[in-house]
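Peer 1: Pasting my_file-v1.cif below, which is mmCIF, C-alpha atoms.
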data_final
#
loop_
_atom_site.group_PDB
_atom_site.id
_atom_site.type_symbol
_atom_site.label_atom_id
_atom_site.label_comp_id
_atom_site.auth_asym_id
_atom_site.auth_seq_id
_atom_site.Cartn_x
_atom_site.Cartn_y
_atom_site.Cartn_z
ATOM 1 C CA MET A 1 57.925 -11.023 84.988
ATOM 2 C CA ASN A 2 59.477 -14.360 84.038
ATOM 3 C CA ALA A 3 59.800 -17.274 86.456
ATOM 4 C CA LYS A 4 61.731 -20.489 85.852
ATOM 5 C CA VAL A 5 60.172 -23.945 86.056
ATOM 6 C CA ILE A 6 61.798 -25.770 88.972
ATOM 7 C CA HIS A 7 59.776 -28.985 88.845
ATOM 8 C CA ILE A 8 56.619 -30.436 87.335
ATOM 9 C CA ASN A 9 54.890 -33.443 88.893
ATOM 10 C CA HIS A 10 52.198 -35.295 86.947
ATOM 11 C CA ILE A 11 49.889 -36.558 89.708
ATOM 12 C CA SER A 12 47.312 -38.144 87.421
ATOM 13 C CA GLY A 13 46.261 -38.057 83.779
ATOM 14 C CA GLU A 14 44.715 -34.601 84.181
ATOM 15 C CA LEU A 15 46.258 -33.210 87.364
ATOM 16 C CA PHE A 16 49.780 -31.857 87.877
ATOM 17 C CA SER A 17 51.690 -29.578 90.209
ATOM 18 C CA LEU A 18 54.043 -26.907 88.961
ATOM 19 C CA LYS A 19 56.877 -25.333 90.958
ATOM 20 C CA LEU A 20 58.263 -21.992 89.777
ATOM 21 C CA SER A 21 61.025 -19.730 91.041
ATOM 22 C CA ARG A 22 59.592 -17.139 93.417
ATOM 23 C CA GLU A 23 61.628 -14.166 92.176
ATOM 24 C CA ASN A 24 61.509 -12.447 95.615
ATOM 25 C CA ILE A 25 57.756 -11.814 95.317
ATOM 26 C CA SER A 26 55.852 -11.468 98.598
ATOM 27 C CA PHE A 27 52.281 -12.750 98.950
ATOM 28 C CA LYS A 28 49.646 -13.610 101.540
ATOM 29 C CA ALA A 29 48.461 -17.192 101.808
ATOM 30 C CA GLY A 30 45.184 -17.514 99.913
ATOM 31 C CA GLN A 31 46.160 -15.227 97.050
ATOM 32 C CA PHE A 32 46.575 -16.185 93.392
ATOM 33 C CA MET A 33 48.916 -15.443 90.495
ATOM 34 C CA GLN A 34 48.286 -14.945 86.799
ATOM 35 C CA LEU A 35 50.302 -17.356 84.613
ATOM 36 C CA GLY A 36 50.961 -17.165 80.890
ATOM 37 C CA ILE A 37 53.207 -18.528 78.148
ATOM 38 C CA ASN A 38 54.894 -16.097 75.687
ATOM 39 C CA ASP A 39 52.310 -13.387 76.520
ATOM 40 C CA PHE A 40 49.258 -12.864 78.703
ATOM 41 C CA SER A 41 46.716 -13.108 75.874
ATOM 42 C CA SER A 42 45.615 -16.547 77.101
ATOM 43 C CA SER A 43 46.693 -16.241 80.741
ATOM 44 C CA ARG A 44 44.820 -17.833 83.626
ATOM 45 C CA GLU A 45 44.578 -17.303 87.373
ATOM 46 C CA TYR A 46 45.890 -20.034 89.692
ATOM 47 C CA SER A 47 45.861 -20.003 93.492
ATOM 48 C CA ILE A 48 49.230 -20.325 95.186
ATOM 49 C CA ALA A 49 49.576 -23.667 96.979
ATOM 50 C CA SER A 50 52.985 -23.083 98.551
ATOM 51 C CA SER A 51 53.712 -21.568 101.953
ATOM 52 C CA GLU A 52 54.580 -17.923 102.496
ATOM 53 C CA THR A 53 58.017 -19.102 103.678
ATOM 54 C CA ASP A 54 58.799 -21.406 100.742
ATOM 55 C CA ASP A 55 61.419 -20.139 98.287
ATOM 56 C CA PHE A 56 59.257 -21.172 95.323
ATOM 57 C CA PHE A 57 55.706 -20.852 94.007
ATOM 58 C CA GLU A 58 53.664 -24.030 93.679
ATOM 59 C CA PHE A 59 50.421 -24.410 91.741
ATOM 60 C CA LEU A 60 48.033 -27.346 91.469
ATOM 61 C CA ILE A 61 46.627 -27.385 87.931
ATOM 62 C CA LYS A 62 43.997 -29.496 86.200
ATOM 63 C CA LYS A 63 44.201 -29.942 82.451
ATOM 64 C CA VAL A 64 41.000 -28.715 80.840
ATOM 65 C CA PRO A 65 39.808 -30.493 77.663
ATOM 66 C CA GLY A 66 40.499 -28.020 74.862
ATOM 67 C CA GLY A 67 42.095 -25.627 77.345
ATOM 68 C CA TYR A 68 45.079 -23.985 75.680
ATOM 69 C CA LEU A 69 47.056 -22.822 78.716
ATOM 70 C CA SER A 70 46.529 -25.754 81.087
ATOM 71 C CA ASN A 71 47.632 -28.168 78.364
ATOM 72 C CA LYS A 72 50.628 -26.008 77.447
ATOM 73 C CA LEU A 73 51.672 -25.756 81.106
ATOM 74 C CA SER A 74 51.446 -29.539 81.469
ATOM 75 C CA GLN A 75 54.145 -29.851 78.781
ATOM 76 C CA VAL A 76 56.773 -27.487 80.236
ATOM 77 C CA LYS A 77 60.231 -28.702 81.237
ATOM 78 C CA THR A 78 62.605 -27.764 84.031
ATOM 79 C CA GLY A 79 64.292 -24.472 83.156
ATOM 80 C CA ASP A 80 61.490 -23.189 80.914
ATOM 81 C CA SER A 81 60.232 -19.643 81.482
ATOM 82 C CA ILE A 82 56.664 -18.853 82.543
ATOM 83 C CA LEU A 83 55.148 -15.369 82.669
ATOM 84 C CA ILE A 84 53.789 -14.517 86.114
ATOM 85 C CA SER A 85 51.902 -11.519 87.439
ATOM 86 C CA GLY A 86 50.539 -10.772 90.887
ATOM 87 C CA PRO A 87 49.792 -11.641 93.580
ATOM 88 C CA PHE A 88 46.077 -10.823 93.580
ATOM 89 C CA GLY A 89 43.023 -11.558 95.695
ATOM 90 C CA ASN A 90 41.637 -11.223 99.223
ATOM 91 C CA PHE A 91 40.821 -14.854 100.040
ATOM 92 C CA THR A 92 43.099 -14.521 103.060
ATOM 93 C CA LEU A 93 42.859 -14.790 106.835
ATOM 94 C CA ASP A 94 41.826 -11.858 109.008
ATOM 95 C CA ALA A 95 44.348 -10.441 111.470
ATOM 96 C CA ASP A 96 42.518 -12.089 114.401
ATOM 97 C CA TYR A 97 42.515 -15.539 112.762
ATOM 98 C CA ALA A 98 44.056 -17.283 115.772
ATOM 99 C CA SER A 99 41.063 -16.416 117.992
ATOM 100 C CA VAL A 100 38.334 -17.903 115.771
ATOM 101 C CA PRO A 101 37.746 -21.514 114.593
ATOM 102 C CA HIS A 102 37.859 -21.887 110.804
ATOM 103 C CA TYR A 103 36.137 -24.328 108.485
ATOM 104 C CA PHE A 104 37.901 -24.758 105.139
ATOM 105 C CA ILE A 105 35.870 -26.584 102.483
ATOM 106 C CA ALA A 106 37.280 -27.415 99.057
ATOM 107 C CA SER A 107 36.696 -29.516 95.971
ATOM 108 C CA GLY A 108 39.193 -30.382 93.236
ATOM 109 C CA THR A 109 42.098 -27.967 92.884
ATOM 110 C CA GLY A 110 40.260 -25.670 95.305
ATOM 111 C CA VAL A 111 42.530 -27.211 97.949
ATOM 112 C CA SER A 112 45.380 -24.959 96.731
ATOM 113 C CA PRO A 113 44.761 -21.816 98.818
ATOM 114 C CA PHE A 114 44.115 -23.941 101.912
ATOM 115 C CA GLN A 115 47.381 -25.798 101.418
ATOM 116 C CA SER A 116 49.058 -22.389 101.513
ATOM 117 C CA ILE A 117 47.003 -21.014 104.408
ATOM 118 C CA ILE A 118 47.425 -24.048 106.658
ATOM 119 C CA SER A 119 51.171 -24.409 106.045
ATOM 120 C CA SER A 120 51.723 -20.661 106.585
ATOM 121 C CA ASN A 121 49.789 -20.249 109.863
ATOM 122 C CA LYS A 122 50.867 -22.603 112.633
ATOM 123 C CA ASN A 123 48.434 -21.392 115.333
ATOM 124 C CA LEU A 124 45.349 -21.935 113.204
ATOM 125 C CA ASN A 125 42.287 -23.609 114.735
ATOM 126 C CA TYR A 126 40.658 -25.294 111.747
ATOM 127 C CA LEU A 127 38.751 -28.188 110.248
ATOM 128 C CA PHE A 128 39.485 -28.864 106.590
ATOM 129 C CA LEU A 129 36.863 -30.729 104.544
ATOM 130 C CA GLU A 130 38.229 -31.857 101.186
ATOM 131 C CA GLY A 131 36.048 -33.343 98.460
ATOM 132 C CA ASN A 132 38.305 -35.213 96.022
ATOM 133 C CA ASN A 133 38.720 -38.557 94.296
ATOM 134 C CA TYR A 134 42.378 -38.880 95.297
ATOM 135 C CA ARG A 135 44.497 -38.326 98.403
ATOM 136 C CA ASN A 136 47.186 -35.673 98.051
ATOM 137 C CA ASP A 137 50.419 -37.023 99.535
ATOM 138 C CA LYS A 138 51.347 -33.505 100.637
ATOM 139 C CA TRP A 139 48.711 -33.631 103.360
ATOM 140 C CA LYS A 140 49.699 -35.518 106.487
ATOM 141 C CA LYS A 141 46.760 -37.550 107.730
ATOM 142 C CA SER A 142 45.281 -35.761 110.750
ATOM 143 C CA SER A 143 41.997 -35.526 112.631
ATOM 144 C CA ASN A 144 41.336 -31.958 111.408
ATOM 145 C CA HIS A 145 41.653 -32.871 107.708
ATOM 146 C CA ILE A 146 38.781 -34.961 106.369
ATOM 147 C CA LEU A 147 38.959 -36.381 102.852
ATOM 148 C CA CYS A 148 35.412 -36.999 101.585
ATOM 149 C CA SER A 149 35.099 -39.290 98.572
ATOM 150 C CA ASP A 150 33.023 -42.073 97.076
ATOM 151 C CA LYS A 151 35.956 -43.308 94.981
ATOM 152 C CA GLU A 152 39.145 -42.977 97.054
ATOM 153 C CA ALA A 153 39.694 -46.165 99.090
ATOM 154 C CA SER A 154 41.580 -44.306 101.825
ATOM 155 C CA ALA A 155 38.931 -41.590 102.215
ATOM 156 C CA ASP A 156 38.081 -40.589 105.778
ATOM 157 C CA TYR A 157 34.402 -40.247 104.858
ATOM 158 C CA LYS A 158 32.611 -42.210 102.156
ATOM 159 C CA GLY A 159 30.407 -39.577 100.565
ATOM 160 C CA ARG A 160 30.264 -35.989 99.390
ATOM 161 C CA VAL A 161 31.749 -33.130 101.364
ATOM 162 C CA THR A 162 28.250 -31.630 101.608
ATOM 163 C CA ASN A 163 26.995 -34.800 103.305
ATOM 164 C CA TYR A 164 29.722 -34.562 105.921
ATOM 165 C CA LEU A 165 29.039 -30.860 106.470
ATOM 166 C CA SER A 166 25.310 -31.502 106.968
ATOM 167 C CA GLU A 167 26.104 -33.942 109.802
ATOM 168 C CA LEU A 168 28.275 -31.498 111.774
ATOM 169 C CA ASP A 169 27.122 -29.596 114.845
ATOM 170 C CA ILE A 170 28.388 -26.060 114.179
ATOM 171 C CA GLN A 171 28.202 -23.141 116.592
ATOM 172 C CA ASN A 172 29.262 -19.513 116.250
ATOM 173 C CA PRO A 173 31.743 -17.890 116.342
ATOM 174 C CA VAL A 174 33.248 -19.590 113.298
ATOM 175 C CA ARG A 175 34.458 -18.576 109.842
ATOM 176 C CA PHE A 176 33.939 -20.509 106.633
ATOM 177 C CA TYR A 177 36.178 -20.418 103.571
ATOM 178 C CA LEU A 178 34.803 -22.254 100.519
ATOM 179 C CA CYS A 179 36.800 -22.873 97.352
ATOM 180 C CA GLY A 180 36.259 -24.948 94.197
ATOM 181 C CA ASN A 181 33.197 -25.902 92.193
ATOM 182 C CA ARG A 182 30.447 -23.253 92.158
ATOM 183 C CA ASN A 183 27.715 -25.819 92.751
ATOM 184 C CA MET A 184 29.564 -27.241 95.750
ATOM 185 C CA ILE A 185 29.978 -23.745 97.158
ATOM 186 C CA ALA A 186 26.272 -22.941 96.692
ATOM 187 C CA ASP A 187 25.225 -26.231 98.334
ATOM 188 C CA CYS A 188 27.557 -25.646 101.293
ATOM 189 C CA GLN A 189 26.321 -22.091 101.744
ATOM 190 C CA GLU A 190 22.747 -23.354 101.916
ATOM 191 C CA ILE A 191 23.660 -25.971 104.549
ATOM 192 C CA ILE A 192 25.610 -23.447 106.629
ATOM 193 C CA ASN A 193 22.821 -20.863 106.517
ATOM 194 C CA GLN A 194 20.373 -23.508 107.723
ATOM 195 C CA LYS A 195 22.621 -24.232 110.710
ATOM 196 C CA LEU A 196 23.529 -20.649 111.660
ATOM 197 C CA SER A 197 21.361 -17.532 111.655
ATOM 198 C CA GLN A 198 24.419 -15.380 110.969
ATOM 199 C CA ALA A 199 27.200 -17.075 109.047
ATOM 200 C CA ASP A 200 30.597 -15.591 108.165
ATOM 201 C CA ILE A 201 31.309 -17.157 104.751
ATOM 202 C CA ARG A 202 34.124 -16.288 102.307
ATOM 203 C CA THR A 203 34.096 -17.893 98.840
ATOM 204 C CA GLU A 204 36.517 -18.368 95.945
ATOM 205 C CA PRO A 205 34.775 -20.157 93.021
ATOM 206 C CA PHE A 206 37.151 -21.898 90.605
ATOM 207 C CA TYR A 207 34.790 -23.264 87.950
#
Let me see the structure of the file written as C-alpha cells.

Peer 2:
Amino acid sequence: MNAKVIHINHISGELFSLKLSRENISFKAGQFMQLGINDFSSSREYSIASSETDDFFEFLIKKVPGGYLSNKLSQVKTGDSILISGPFGNFTLDADYASVPHYFIASGTGVSPFQSIISSNKNLNYLFLEGNNYRNDKWKKSSNHILCSDKEASADYKGRVTNYLSELDIQNPVRFYLCGNRNMIADCQEIINQKLSQADIRTEPFY
C-alpha cells in the first residue's frame, strides 16, 4: 500500500520524524510498520510513534551511515509516496494494563512505541526511563518521565538509564517493557532480575 508524506521534521543531523497518511489502517500501540521506497527489497521495520487516535502515522528514524533506506527516507518531500505494510508485532499492553504498574525503558529511537502507548492509554500507571542525548519536545516534562543523559543539559538524571534503574526500589507486581539498544536491554534485564525473583519483562531490540 502507498502512503503520502504529510511532514518531515529534521530534529538533528541524524534524527528525523516522518508523518505519513494513515490510509484507514488500524493498529495497536506498540506495533510497527514496514516501510519501503519503490519496492520492499530494501524495506525496514519502524515502530509507530503516533497515537491510535491520530489520523496519521508517525515514525522516529535515525539515519544509519551507509544505510540505504534511512538516508532515502530522510530526503523525501511532502506529497511523496512511501510503501507501507503492516501493522506487525506484539510489543503491546495486556488487557489488564490499568491494574498493573509499568516501567518503560528506552534508548535512542526506542522511545517510539512508548510514545504511542502512553498517548493512547490515558489510565496507564507508568514510569518511563529514557536514555537519550536530547530532549524530545513532544514529551511534556512530568514526574513519571525521566530523561537520563550525560550530555543533555536539561536531563532529569545525569547518567545512564541503567544507573537510574539500579537505584530504584522496585516491588512486584510490575511489568517491564524495554526497547532500543540490545546491550542496554541486556544490562537492564540483569539489574531487574537482581531486584526481583520473578520479573515480567517484554523486550523489543532495535539494534

Peer 1: What residues come out when you apply the PyMOL selection byres ((chain A and resi 92-109) around 8) to this file, written as an NGL selection string?

Peer 2: :A and (28-31 or 60-62 or 89-91 or 110-112 or 114 or 117 or 123-132 or 161 or 173-181 or 184)

Peer 1: Can you spit out the residues from that selection as an mmCIF file, in the coordinates of the input, using C-alpha atoms?

Peer 2:
data_model
loop_
_atom_site.group_PDB
_atom_site.id
_atom_site.type_symbol
_atom_site.label_atom_id
_atom_site.label_comp_id
_atom_site.auth_asym_id
_atom_site.auth_seq_id
_atom_site.Cartn_x
_atom_site.Cartn_y
_atom_site.Cartn_z
ATOM 1 C CA LYS A 28 49.646 -13.610 101.540
ATOM 2 C CA ALA A 29 48.461 -17.192 101.808
ATOM 3 C CA GLY A 30 45.184 -17.514 99.913
ATOM 4 C CA GLN A 31 46.160 -15.227 97.050
ATOM 5 C CA LEU A 60 48.033 -27.346 91.469
ATOM 6 C CA ILE A 61 46.627 -27.385 87.931
ATOM 7 C CA LYS A 62 43.997 -29.496 86.200
ATOM 8 C CA GLY A 89 43.023 -11.558 95.695
ATOM 9 C CA ASN A 90 41.637 -11.223 99.223
ATOM 10 C CA PHE A 91 40.821 -14.854 100.040
ATOM 11 C CA GLY A 110 40.260 -25.670 95.305
ATOM 12 C CA VAL A 111 42.530 -27.211 97.949
ATOM 13 C CA SER A 112 45.380 -24.959 96.731
ATOM 14 C CA PHE A 114 44.115 -23.941 101.912
ATOM 15 C CA ILE A 117 47.003 -21.014 104.408
ATOM 16 C CA ASN A 123 48.434 -21.392 115.333
ATOM 17 C CA LEU A 124 45.349 -21.935 113.204
ATOM 18 C CA ASN A 125 42.287 -23.609 114.735
ATOM 19 C CA TYR A 126 40.658 -25.294 111.747
ATOM 20 C CA LEU A 127 38.751 -28.188 110.248
ATOM 21 C CA PHE A 128 39.485 -28.864 106.590
ATOM 22 C CA LEU A 129 36.863 -30.729 104.544
ATOM 23 C CA GLU A 130 38.229 -31.857 101.186
ATOM 24 C CA GLY A 131 36.048 -33.343 98.460
ATOM 25 C CA ASN A 132 38.305 -35.213 96.022
ATOM 26 C CA VAL A 161 31.749 -33.130 101.364
ATOM 27 C CA PRO A 173 31.743 -17.890 116.342
ATOM 28 C CA VAL A 174 33.248 -19.590 113.298
ATOM 29 C CA ARG A 175 34.458 -18.576 109.842
ATOM 30 C CA PHE A 176 33.939 -20.509 106.633
ATOM 31 C CA TYR A 177 36.178 -20.418 103.571
ATOM 32 C CA LEU A 178 34.803 -22.254 100.519
ATOM 33 C CA CYS A 179 36.800 -22.873 97.352
ATOM 34 C CA GLY A 180 36.259 -24.948 94.197
ATOM 35 C CA ASN A 181 33.197 -25.902 92.193
ATOM 36 C CA MET A 184 29.564 -27.241 95.750
#

Peer 1: For atom CA of A:Gln75 and atom CA of A:Phe27, quote the distance in Å rounded to one decimal.

Peer 2: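 So the two atoms, atom CA of A:Gln75 and atom CA of A:Phe27, lie 26.5 Å apart.
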
Peer 1: Using Å and a single decimal, report how far atom CA of A:Gln171 sits from atom CA of A:Asn133.

Peer 2: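 If I compute the distance from atom CA of A:Asn133 to atom CA of A:Gln171, I get 29.1 Å.
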
Peer 1: Tell me which of A:Gly159, A:Pro113, A:Gly79, A:Pro205 sits closest to A:Val5, counting all atoms listed in the file.

Peer 2: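 Looking only at the distances to A:Val5, the closest residue turns out to be A:Gly79.
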
Peer 1: Using only C-alpha atoms, can you tell me which of A:Ala49, A:Cys148, A:Ala153, A:Ile82 comes closest to A:Ile6?

Peer 2: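 Ranked by minimum distance to A:Ile6, first place goes to A:Ile82.
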
Peer 1: Tell me, in Å to one decimal, how far atom CA of A:Ile84 is from atom CA of A:Met1.

Peer 2: 5.5 Å

Peer 1: I'd like to know which of A:Glu45, A:Asp80, A:Asp39, A:Asp156 is closest to A:Lys4, using only C-alpha atoms.

Peer 2: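 Closest to A:Lys4 of all the choices is A:Asp80.
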
Peer 1: Counting all atoms listed in the file, which residues come within 10 Å of (46.0, -28.1, 81.5), with the point read in the file's coordinates, and could you list them as a PyMOL selection string?

Peer 2: chain A and resi 14-16+61-75

Peer 1: With distances taken over all atoms listed in the file, which residue among A:Lys158, A:Tyr46, A:Ile118, A:Ile11 lies nearest A:His145?

Peer 2: A:Ile118

Peer 1: Output as an mmCIF file, in the frame of the given file: stretch 108-119 of chain A, completed with all heavy atoms.

Peer 2:
data_model
loop_
_atom_site.group_PDB
_atom_site.id
_atom_site.type_symbol
_atom_site.label_atom_id
_atom_site.label_comp_id
_atom_site.auth_asym_id
_atom_site.auth_seq_id
_atom_site.Cartn_x
_atom_site.Cartn_y
_atom_site.Cartn_z
ATOM 1 N N GLY A 108 38.232 -30.456 94.326
ATOM 2 C CA GLY A 108 39.193 -30.382 93.236
ATOM 3 C C GLY A 108 40.436 -29.595 93.594
ATOM 4 O O GLY A 108 40.964 -29.683 94.713
ATOM 5 N N THR A 109 40.907 -28.775 92.651
ATOM 6 C CA THR A 109 42.098 -27.967 92.884
ATOM 7 C C THR A 109 41.817 -26.785 93.811
ATOM 8 O O THR A 109 42.722 -26.002 94.113
ATOM 9 C CB THR A 109 42.679 -27.453 91.552
ATOM 10 O OG1 THR A 109 41.656 -26.757 90.829
ATOM 11 C CG2 THR A 109 43.193 -28.607 90.706
ATOM 12 N N GLY A 110 40.600 -26.679 94.295
ATOM 13 C CA GLY A 110 40.260 -25.670 95.305
ATOM 14 C C GLY A 110 40.987 -25.878 96.620
ATOM 15 O O GLY A 110 40.917 -25.030 97.514
ATOM 16 N N VAL A 111 41.718 -26.986 96.749
ATOM 17 C CA VAL A 111 42.530 -27.211 97.949
ATOM 18 C C VAL A 111 43.740 -26.278 97.984
ATOM 19 O O VAL A 111 44.335 -26.080 99.051
ATOM 20 C CB VAL A 111 43.010 -28.680 98.044
ATOM 21 C CG1 VAL A 111 41.822 -29.643 98.062
ATOM 22 C CG2 VAL A 111 43.959 -29.030 96.903
ATOM 23 N N SER A 112 44.120 -25.717 96.837
ATOM 24 C CA SER A 112 45.380 -24.959 96.731
ATOM 25 C C SER A 112 45.513 -23.838 97.755
ATOM 26 O O SER A 112 46.524 -23.772 98.478
ATOM 27 C CB SER A 112 45.540 -24.417 95.313
ATOM 28 O OG SER A 112 45.674 -25.457 94.384
ATOM 29 N N PRO A 113 44.565 -22.899 97.847
ATOM 30 C CA PRO A 113 44.761 -21.816 98.818
ATOM 31 C C PRO A 113 44.807 -22.312 100.253
ATOM 32 O O PRO A 113 45.501 -21.727 101.097
ATOM 33 C CB PRO A 113 43.555 -20.900 98.574
ATOM 34 C CG PRO A 113 42.539 -21.760 97.917
ATOM 35 C CD PRO A 113 43.319 -22.736 97.084
ATOM 36 N N PHE A 114 44.107 -23.408 100.548
ATOM 37 C CA PHE A 114 44.115 -23.941 101.912
ATOM 38 C C PHE A 114 45.436 -24.623 102.234
ATOM 39 O O PHE A 114 45.898 -24.596 103.372
ATOM 40 C CB PHE A 114 42.938 -24.892 102.109
ATOM 41 C CG PHE A 114 41.605 -24.236 101.887
ATOM 42 C CD1 PHE A 114 40.651 -24.823 101.088
ATOM 43 C CD2 PHE A 114 41.326 -23.013 102.458
ATOM 44 C CE1 PHE A 114 39.428 -24.216 100.864
ATOM 45 C CE2 PHE A 114 40.105 -22.378 102.250
ATOM 46 C CZ PHE A 114 39.150 -22.987 101.451
ATOM 47 N N GLN A 115 46.048 -25.235 101.224
ATOM 48 C CA GLN A 115 47.381 -25.798 101.418
ATOM 49 C C GLN A 115 48.336 -24.688 101.836
ATOM 50 O O GLN A 115 49.163 -24.855 102.731
ATOM 51 C CB GLN A 115 47.857 -26.460 100.123
ATOM 52 C CG GLN A 115 49.210 -27.140 100.228
ATOM 53 C CD GLN A 115 49.548 -27.950 98.985
ATOM 54 O OE1 GLN A 115 48.733 -28.726 98.506
ATOM 55 N NE2 GLN A 115 50.746 -27.777 98.468
ATOM 56 N N SER A 116 48.216 -23.534 101.188
ATOM 57 C CA SER A 116 49.058 -22.389 101.513
ATOM 58 C C SER A 116 48.724 -21.803 102.880
ATOM 59 O O SER A 116 49.612 -21.521 103.690
ATOM 60 C CB SER A 116 48.908 -21.315 100.428
ATOM 61 O OG SER A 116 49.718 -20.195 100.700
ATOM 62 N N ILE A 117 47.435 -21.624 103.142
ATOM 63 C CA ILE A 117 47.003 -21.014 104.408
ATOM 64 C C ILE A 117 47.403 -21.860 105.599
ATOM 65 O O ILE A 117 47.948 -21.358 106.598
ATOM 66 C CB ILE A 117 45.477 -20.790 104.389
ATOM 67 C CG1 ILE A 117 45.104 -19.654 103.429
ATOM 68 C CG2 ILE A 117 44.958 -20.481 105.793
ATOM 69 C CD1 ILE A 117 43.612 -19.517 103.170
ATOM 70 N N ILE A 118 47.153 -23.163 105.528
ATOM 71 C CA ILE A 118 47.425 -24.048 106.658
ATOM 72 C C ILE A 118 48.923 -24.156 106.923
ATOM 73 O O ILE A 118 49.370 -24.124 108.081
ATOM 74 C CB ILE A 118 46.794 -25.428 106.421
ATOM 75 C CG1 ILE A 118 45.268 -25.316 106.467
ATOM 76 C CG2 ILE A 118 47.275 -26.443 107.454
ATOM 77 C CD1 ILE A 118 44.535 -26.566 105.996
ATOM 78 N N SER A 119 49.721 -24.271 105.862
ATOM 79 C CA SER A 119 51.171 -24.409 106.045
ATOM 80 C C SER A 119 51.832 -23.096 106.464
ATOM 81 O O SER A 119 52.944 -23.101 107.001
ATOM 82 C CB SER A 119 51.824 -24.923 104.760
ATOM 83 O OG SER A 119 51.621 -24.032 103.681
#
